[in-house]
Amino acid sequence: MIKGRLPLVVAVLGILPFVVGNAYLQHMLVLWAIYALLALSLNMIVGYLGELTFGHAAFFGIGAYTSAILSMNYGLPVWLGPFAAAIVAAFFGAVIGYVALRIVGPQFAILTLGFGSILYTITNYWVDLTRGPMGISNIPPFSLPGLDIDFTRADRMYYVALVVLLLVAYGCRALMTSRTGRAFIAVRENAPLAASTGIDVFHTKLLGFTIATALAGVGGALYGHYLRVITPDLMSLQYVAALIIMVIVGGKGTIIGPIIGAGIYVALLEALRVVGSLRLVVFAALLTLCVIFLPGGLVSLWRRYAGRQAAGGAS
Amino acid sequence: MLKVSGLKVRYGNREALHGIDLEVGTGEIVTLVGSNGAGKTTTLKAISGILRATGGQVEFGGERIDRLSPHAIIARGVVHVPEGRLLFADMTVMEHLELGALRAPSGKAGYARRLDWVFELFPVLKERVAQRAGTMSGGQQQMVAIARGLMAEPKCLMLDEPSLGLAPIVVDTLADTILTLHRAGIAILLVEQRVDLALRLADRAYVLETGRVVLSGAADALAEDDRVREAYLGA
């Protein structure tokens, strides 16, 4: 879809902060880039492995808390925070995946909901470590060693998030054209058949799940150092739902889909601020309509259009 | 080479296999025949590890394999080509062949050689490496399924209903292919509803009824057996 146009897309994304030139819109761009990263990580589970998870926000939260706590209390340089967040989130992801991935389908989704709630509850009540419902504030802003850049400014932080997003998008693409990625798809399409061709279904799923949780951790770290305040609500169902909406509405199983989905979510969230909590109804309706009428997400519209163009050209 | 003894499998509370004994010798073609629901497919699935046996054991080359996972069993050379020429519709022919080679013992070193061999067997696949499997004809899909199995370097290939839904002329080609694999030294365990075809190809046969082996012996002798003729050959 964006093949060949990639340099152009990157260039446009690169100058966006100058084009909008408004701190508020720049702030939304940062949120978009971070959410897009999170949506891509969820997409690995929902889109590539074909399992629904309701626990993804927990790993986002783990990443945010890990990086915040390590940098504030243990002197970890902030730029190492996302790496530490990835490791800790991946650890939790591997342990939970090891238990939960023994079952699949709706039962797996419910199990992840349970694990997500447990992590949320622990975060909420382990006041000594997480300060509980008060959350953690005054988190140090992102920084890079040897560079004196003020990353509290949205137009600066945007580039950090954008670079990470592009790296992850590229990584997803490389993964999905590799043997491992093909094994993901094989497991999604038909697990018994995948097993009978020699794919280790359980470990393939565990690998995908762990990578996805690590990436969610990175997203959480960036989020924490950008907003500089985090609360256990990061792990709540509201964020779970938001990420699922981004992936499904954008188009699961693609790379551009979740990125677009994140953009729509962030834009609607702001545009609908006037209607207050009715926003959630709008999102629910959007998700429902998408599942019924556009199961491939918004990117499938483009495919239909391109397909028609190709058919028209041939006749 | 492959030795199954007392194999039992349950689906929930229902026992589907009540203790199957069978053997496949090196380089032999052995067929399992029987009507729908007799347990042929279940037997293959239990051997390849997709279903867990609840009793009995499976040995391959002297090693017990019934507690191994499917991918470990494939790595030992027991490869299952499932019923209904199951493919990943959106993957290309080449991607199927790469998937098939995932557990091949000779690894990347032997990959090119095996690919050449598979293309020699199925020249049509070479022309269609980039075609998506879902868009191919039934016969070609069956070729892809078997080729995918062959990429795993089987010592024993288990084919489940390979002729199902194929045109008669395609079935003849398939029979030739099975004989070619046989000459290449691969042991074949064939499940087939076309009993006439199966008995013609095989060295030995087992007749299954409701989860039990009720008859076994040399394939040509069974083809002459009155009970088999009456029940399966319509004579």
# chains A, B, ... in the order shown; residues from 1 in each chain; ligands from 1
$ select_by_dssp --residues "stretch 135-286 of chain A" --states "helix (DSSP H, G or I)" --output "PyMOL selection string"
chain A and resi 154-176+179-189+191-196+201-227+232-235+237-250+256-271+273-275+278-286
$ closest_atom_pairs --of "stretch 42-107 of chain B" --to "stretch 184-206 of chain B" --cutoff "10 Å" --atoms "only C-alpha atoms" --output "JSON lines"
{"residue": "B:Thr43", "atom": "CA", "partner": "B:Val191", "partner_atom": "CA", "distance": 9.7}
{"residue": "B:Leu44", "atom": "CA", "partner": "B:Val191", "partner_atom": "CA", "distance": 8.4}
{"residue": "B:Gly77", "atom": "CA", "partner": "B:Ile186", "partner_atom": "CA", "distance": 9.8}
{"residue": "B:Val78", "atom": "CA", "partner": "B:Ala187", "partner_atom": "CA", "distance": 9.4}
{"residue": "B:Val79", "atom": "CA", "partner": "B:Ile188", "partner_atom": "CA", "distance": 9.7}
{"residue": "B:His80", "atom": "CA", "partner": "B:Leu189", "partner_atom": "CA", "distance": 9.2}
{"residue": "B:Val81", "atom": "CA", "partner": "B:Leu190", "partner_atom": "CA", "distance": 9.9}
{"residue": "B:Glu83", "atom": "CA", "partner": "B:Val191", "partner_atom": "CA", "distance": 9.1}
$ interface_residues --of "chain B" --to "chain A" --cutoff "12 Å" --atoms "only C-alpha atoms" --output "PyMOL selection string"
chain B and resi 44-51+68-92+94-105+145-154+157-159
$ select_by_dssp --residues "stretch 25-130 of chain B" --states "strand (DSSP E)" --output "PDB file with all heavy atoms, in the first residue's frame"
ATOM      1  N   ILE B  29       4.997 -50.064   1.569  1.00  0.00           N
ATOM      2  CA  ILE B  29       3.743 -49.308   1.497  1.00  0.00           C
ATOM      3  C   ILE B  29       2.700 -50.122   2.254  1.00  0.00           C
ATOM      4  O   ILE B  29       2.452 -51.277   1.932  1.00  0.00           O
ATOM      5  CB  ILE B  29       3.247 -49.108   0.056  1.00  0.00           C
ATOM      6  CG1 ILE B  29       4.295 -48.408  -0.801  1.00  0.00           C
ATOM      7  CG2 ILE B  29       1.948 -48.294   0.058  1.00  0.00           C
ATOM      8  CD1 ILE B  29       3.806 -48.043  -2.192  1.00  0.00           C
ATOM      9  N   VAL B  30       2.146 -49.485   3.283  1.00  0.00           N
ATOM     10  CA  VAL B  30       1.127 -50.160   4.081  1.00  0.00           C
ATOM     11  C   VAL B  30      -0.120 -49.306   4.034  1.00  0.00           C
ATOM     12  O   VAL B  30      -0.039 -48.078   4.095  1.00  0.00           O
ATOM     13  CB  VAL B  30       1.610 -50.331   5.541  1.00  0.00           C
ATOM     14  CG1 VAL B  30       0.490 -50.865   6.415  1.00  0.00           C
ATOM     15  CG2 VAL B  30       2.810 -51.258   5.584  1.00  0.00           C
ATOM     16  N   THR B  31      -1.264 -49.947   3.894  1.00  0.00           N
ATOM     17  CA  THR B  31      -2.482 -49.148   3.836  1.00  0.00           C
ATOM     18  C   THR B  31      -3.435 -49.514   4.969  1.00  0.00           C
ATOM     19  O   THR B  31      -3.463 -50.658   5.416  1.00  0.00           O
ATOM     20  CB  THR B  31      -3.181 -49.305   2.465  1.00  0.00           C
ATOM     21  OG1 THR B  31      -4.299 -48.432   2.424  1.00  0.00           O
ATOM     22  CG2 THR B  31      -3.639 -50.730   2.227  1.00  0.00           C
ATOM     23  N   LEU B  32      -4.151 -48.501   5.430  1.00  0.00           N
ATOM     24  CA  LEU B  32      -5.228 -48.698   6.399  1.00  0.00           C
ATOM     25  C   LEU B  32      -6.517 -48.469   5.648  1.00  0.00           C
ATOM     26  O   LEU B  32      -6.720 -47.391   5.100  1.00  0.00           O
ATOM     27  CB  LEU B  32      -5.168 -47.658   7.519  1.00  0.00           C
ATOM     28  CG  LEU B  32      -4.020 -47.637   8.502  1.00  0.00           C
ATOM     29  CD1 LEU B  32      -4.300 -46.575   9.568  1.00  0.00           C
ATOM     30  CD2 LEU B  32      -3.859 -48.988   9.142  1.00  0.00           C
ATOM     31  N   VAL B  33      -7.367 -49.478   5.597  1.00  0.00           N
ATOM     32  CA  VAL B  33      -8.654 -49.267   4.952  1.00  0.00           C
ATOM     33  C   VAL B  33      -9.765 -49.491   5.959  1.00  0.00           C
ATOM     34  O   VAL B  33      -9.558 -50.083   7.018  1.00  0.00           O
ATOM     35  CB  VAL B  33      -8.835 -50.181   3.708  1.00  0.00           C
ATOM     36  CG1 VAL B  33      -7.800 -49.874   2.662  1.00  0.00           C
ATOM     37  CG2 VAL B  33      -8.759 -51.649   4.097  1.00  0.00           C
ATOM     38  N   GLY B  55      -3.434 -44.748  25.527  1.00  0.00           N
ATOM     39  CA  GLY B  55      -2.880 -46.043  25.906  1.00  0.00           C
ATOM     40  C   GLY B  55      -2.046 -46.596  24.766  1.00  0.00           C
ATOM     41  O   GLY B  55      -2.132 -46.122  23.636  1.00  0.00           O
ATOM     42  N   GLY B  56      -1.231 -47.587  25.078  1.00  0.00           N
ATOM     43  CA  GLY B  56      -0.401 -48.200  24.052  1.00  0.00           C
ATOM     44  C   GLY B  56       0.828 -47.376  23.750  1.00  0.00           C
ATOM     45  O   GLY B  56       1.101 -46.379  24.423  1.00  0.00           O
ATOM     46  N   GLN B  57       1.581 -47.805  22.752  1.00  0.00           N
ATOM     47  CA  GLN B  57       2.771 -47.033  22.411  1.00  0.00           C
ATOM     48  C   GLN B  57       3.095 -47.061  20.934  1.00  0.00           C
ATOM     49  O   GLN B  57       2.630 -47.928  20.194  1.00  0.00           O
ATOM     50  CB  GLN B  57       3.963 -47.489  23.241  1.00  0.00           C
ATOM     51  CG  GLN B  57       4.387 -48.928  23.010  1.00  0.00           C
ATOM     52  CD  GLN B  57       5.580 -49.258  23.877  1.00  0.00           C
ATOM     53  OE1 GLN B  57       5.556 -49.051  25.080  1.00  0.00           O
ATOM     54  NE2 GLN B  57       6.633 -49.769  23.263  1.00  0.00           N
ATOM     55  N   VAL B  58       3.869 -46.061  20.532  1.00  0.00           N
ATOM     56  CA  VAL B  58       4.319 -45.951  19.152  1.00  0.00           C
ATOM     57  C   VAL B  58       5.840 -45.908  19.171  1.00  0.00           C
ATOM     58  O   VAL B  58       6.426 -45.124  19.916  1.00  0.00           O
ATOM     59  CB  VAL B  58       3.781 -44.666  18.483  1.00  0.00           C
ATOM     60  CG1 VAL B  58       4.233 -44.591  17.034  1.00  0.00           C
ATOM     61  CG2 VAL B  58       2.268 -44.589  18.577  1.00  0.00           C
ATOM     62  N   GLU B  59       6.461 -46.788  18.398  1.00  0.00           N
ATOM     63  CA  GLU B  59       7.919 -46.769  18.307  1.00  0.00           C
ATOM     64  C   GLU B  59       8.314 -46.466  16.879  1.00  0.00           C
ATOM     65  O   GLU B  59       7.669 -46.921  15.937  1.00  0.00           O
ATOM     66  CB  GLU B  59       8.507 -48.145  18.665  1.00  0.00           C
ATOM     67  CG  GLU B  59       8.551 -48.448  20.136  1.00  0.00           C
ATOM     68  CD  GLU B  59       9.005 -49.879  20.359  1.00  0.00           C
ATOM     69  OE1 GLU B  59      10.016 -50.278  19.741  1.00  0.00           O
ATOM     70  OE2 GLU B  59       8.337 -50.593  21.116  1.00  0.00           O
ATOM     71  N   PHE B  60       9.393 -45.702  16.749  1.00  0.00           N
ATOM     72  CA  PHE B  60       9.931 -45.460  15.406  1.00  0.00           C
ATOM     73  C   PHE B  60      11.442 -45.640  15.466  1.00  0.00           C
ATOM     74  O   PHE B  60      12.111 -44.985  16.261  1.00  0.00           O
ATOM     75  CB  PHE B  60       9.581 -44.048  14.928  1.00  0.00           C
ATOM     76  CG  PHE B  60      10.021 -43.785  13.518  1.00  0.00           C
ATOM     77  CD1 PHE B  60       9.373 -44.389  12.457  1.00  0.00           C
ATOM     78  CD2 PHE B  60      11.106 -42.956  13.254  1.00  0.00           C
ATOM     79  CE1 PHE B  60       9.785 -44.162  11.164  1.00  0.00           C
ATOM     80  CE2 PHE B  60      11.519 -42.725  11.953  1.00  0.00           C
ATOM     81  CZ  PHE B  60      10.847 -43.342  10.914  1.00  0.00           C
ATOM     82  N   GLU B  63      12.739 -46.223  18.902  1.00  0.00           N
ATOM     83  CA  GLU B  63      12.570 -45.197  19.935  1.00  0.00           C
ATOM     84  C   GLU B  63      11.082 -44.940  20.156  1.00  0.00           C
ATOM     85  O   GLU B  63      10.316 -44.874  19.193  1.00  0.00           O
ATOM     86  CB  GLU B  63      13.248 -43.904  19.450  1.00  0.00           C
ATOM     87  CG  GLU B  63      13.167 -42.763  20.435  1.00  0.00           C
ATOM     88  CD  GLU B  63      13.552 -41.419  19.808  1.00  0.00           C
ATOM     89  OE1 GLU B  63      13.766 -41.373  18.569  1.00  0.00           O
ATOM     90  OE2 GLU B  63      13.619 -40.431  20.529  1.00  0.00           O
ATOM     91  N   ARG B  64      10.702 -44.801  21.403  1.00  0.00           N
ATOM     92  CA  ARG B  64       9.296 -44.470  21.668  1.00  0.00           C
ATOM     93  C   ARG B  64       9.022 -43.024  21.293  1.00  0.00           C
ATOM     94  O   ARG B  64       9.738 -42.114  21.731  1.00  0.00           O
ATOM     95  CB  ARG B  64       8.981 -44.658  23.152  1.00  0.00           C
ATOM     96  CG  ARG B  64       8.429 -46.034  23.467  1.00  0.00           C
ATOM     97  CD  ARG B  64       7.855 -46.069  24.856  1.00  0.00           C
ATOM     98  NE  ARG B  64       6.503 -45.505  24.892  1.00  0.00           N
ATOM     99  CZ  ARG B  64       5.657 -45.716  25.900  1.00  0.00           C
ATOM    100  NH1 ARG B  64       6.008 -46.470  26.918  1.00  0.00           N
ATOM    101  NH2 ARG B  64       4.453 -45.182  25.886  1.00  0.00           N
ATOM    102  N   VAL B  78       8.938 -38.949  10.716  1.00  0.00           N
ATOM    103  CA  VAL B  78       7.556 -39.414  10.529  1.00  0.00           C
ATOM    104  C   VAL B  78       6.707 -38.195  10.175  1.00  0.00           C
ATOM    105  O   VAL B  78       6.520 -37.310  11.004  1.00  0.00           O
ATOM    106  CB  VAL B  78       7.009 -40.080  11.808  1.00  0.00           C
ATOM    107  CG1 VAL B  78       5.584 -40.570  11.578  1.00  0.00           C
ATOM    108  CG2 VAL B  78       7.911 -41.227  12.215  1.00  0.00           C
ATOM    109  N   VAL B  79       6.254 -38.134   8.934  1.00  0.00           N
ATOM    110  CA  VAL B  79       5.600 -36.921   8.442  1.00  0.00           C
ATOM    111  C   VAL B  79       4.180 -37.239   7.983  1.00  0.00           C
ATOM    112  O   VAL B  79       3.949 -38.197   7.256  1.00  0.00           O
ATOM    113  CB  VAL B  79       6.416 -36.298   7.289  1.00  0.00           C
ATOM    114  CG1 VAL B  79       5.669 -35.124   6.687  1.00  0.00           C
ATOM    115  CG2 VAL B  79       7.783 -35.875   7.785  1.00  0.00           C
ATOM    116  N   HIS B  80       3.258 -36.411   8.415  1.00  0.00           N
ATOM    117  CA  HIS B  80       1.837 -36.620   8.191  1.00  0.00           C
ATOM    118  C   HIS B  80       1.330 -35.605   7.171  1.00  0.00           C
ATOM    119  O   HIS B  80       1.508 -34.412   7.360  1.00  0.00           O
ATOM    120  CB  HIS B  80       1.141 -36.432   9.557  1.00  0.00           C
ATOM    121  CG  HIS B  80      -0.334 -36.662   9.544  1.00  0.00           C
ATOM    122  ND1 HIS B  80      -1.103 -36.444  10.653  1.00  0.00           N
ATOM    123  CD2 HIS B  80      -1.170 -37.087   8.582  1.00  0.00           C
ATOM    124  CE1 HIS B  80      -2.368 -36.740  10.370  1.00  0.00           C
ATOM    125  NE2 HIS B  80      -2.427 -37.123   9.117  1.00  0.00           N
ATOM    126  N   VAL B  81       0.738 -36.064   6.101  1.00  0.00           N
ATOM    127  CA  VAL B  81       0.061 -35.152   5.160  1.00  0.00           C
ATOM    128  C   VAL B  81      -1.434 -35.292   5.432  1.00  0.00           C
ATOM    129  O   VAL B  81      -2.041 -36.283   5.058  1.00  0.00           O
ATOM    130  CB  VAL B  81       0.385 -35.518   3.695  1.00  0.00           C
ATOM    131  CG1 VAL B  81      -0.366 -34.592   2.749  1.00  0.00           C
ATOM    132  CG2 VAL B  81       1.883 -35.440   3.442  1.00  0.00           C
TER     133      VAL B  81
END
$ atom_distance --atom1 "atom CA of B:Gly6" --atom2 "atom CA of B:Leu22"
8.9 Å
$ atom_distance --atom1 "atom CA of A:Ser71" --atom2 "atom CA of A:Ala242"
27.6 Å
$ atom_distance --atom1 "atom CA of B:His18" --atom2 "atom CA of B:Thr210"
8.4 Å
$ closest_residue --among "B:Gly217, B:Arg128, B:Gly134, B:Glu209" --to "B:Tyr232" --atoms "only C-alpha atoms"
B:Glu209
$ residues_around --residues "stretch 130-135 of chain A" --least-positions-apart "5" --cutoff "7 Å" --atoms "only C-alpha atoms" --output "NGL selection string"
:A and (123-125 or 230-232)
$ write_last_selection --atoms "C-alpha atoms" --output "PDB file, in the first residue's frame"
ATOM      1  CA  THR A 123      -0.136  -1.893  41.067  1.00  0.00           C
ATOM      2  CA  ASN A 124      -3.043  -0.185  42.769  1.00  0.00           C
ATOM      3  CA  TYR A 125      -2.347  -1.611  46.223  1.00  0.00           C
ATOM      4  CA  ILE A 230       1.380   7.763  35.595  1.00  0.00           C
ATOM      5  CA  THR A 231      -1.383   6.078  37.571  1.00  0.00           C
ATOM      6  CA  PRO A 232      -2.577   2.459  37.754  1.00  0.00           C
TER       7      PRO A 232
END
$ residues_around --residues "B:Met1" --least-positions-apart "5" --cutoff "7 Å" --atoms "only C-alpha atoms" --output "MDAnalysis selection string"
chainID B and resid 24:26 60:61
$ write_last_selection --atoms "N, CA, C and O atoms" --output "PDB file, in the first residue's frame"
ATOM      1  N   VAL B  24       4.928 -50.796  10.097  1.00  0.00           N
ATOM      2  CA  VAL B  24       5.339 -50.422   8.750  1.00  0.00           C
ATOM      3  C   VAL B  24       6.834 -50.689   8.675  1.00  0.00           C
ATOM      4  O   VAL B  24       7.604 -50.129   9.458  1.00  0.00           O
ATOM      5  N   GLY B  25       7.227 -51.573   7.764  1.00  0.00           N
ATOM      6  CA  GLY B  25       8.643 -51.890   7.624  1.00  0.00           C
ATOM      7  C   GLY B  25       9.355 -50.867   6.763  1.00  0.00           C
ATOM      8  O   GLY B  25       8.711 -50.071   6.069  1.00  0.00           O
ATOM      9  N   THR B  26      10.680 -50.876   6.785  1.00  0.00           N
ATOM     10  CA  THR B  26      11.462 -49.947   5.978  1.00  0.00           C
ATOM     11  C   THR B  26      11.091 -50.085   4.503  1.00  0.00           C
ATOM     12  O   THR B  26      11.093 -51.184   3.953  1.00  0.00           O
ATOM     13  N   PHE B  60       9.393 -45.702  16.749  1.00  0.00           N
ATOM     14  CA  PHE B  60       9.931 -45.460  15.406  1.00  0.00           C
ATOM     15  C   PHE B  60      11.442 -45.640  15.466  1.00  0.00           C
ATOM     16  O   PHE B  60      12.111 -44.985  16.261  1.00  0.00           O
ATOM     17  N   GLY B  61      11.941 -46.543  14.644  1.00  0.00           N
ATOM     18  CA  GLY B  61      13.367 -46.835  14.671  1.00  0.00           C
ATOM     19  C   GLY B  61      13.837 -47.245  16.060  1.00  0.00           C
ATOM     20  O   GLY B  61      14.938 -46.877  16.480  1.00  0.00           O
TER      21      GLY B  61
END
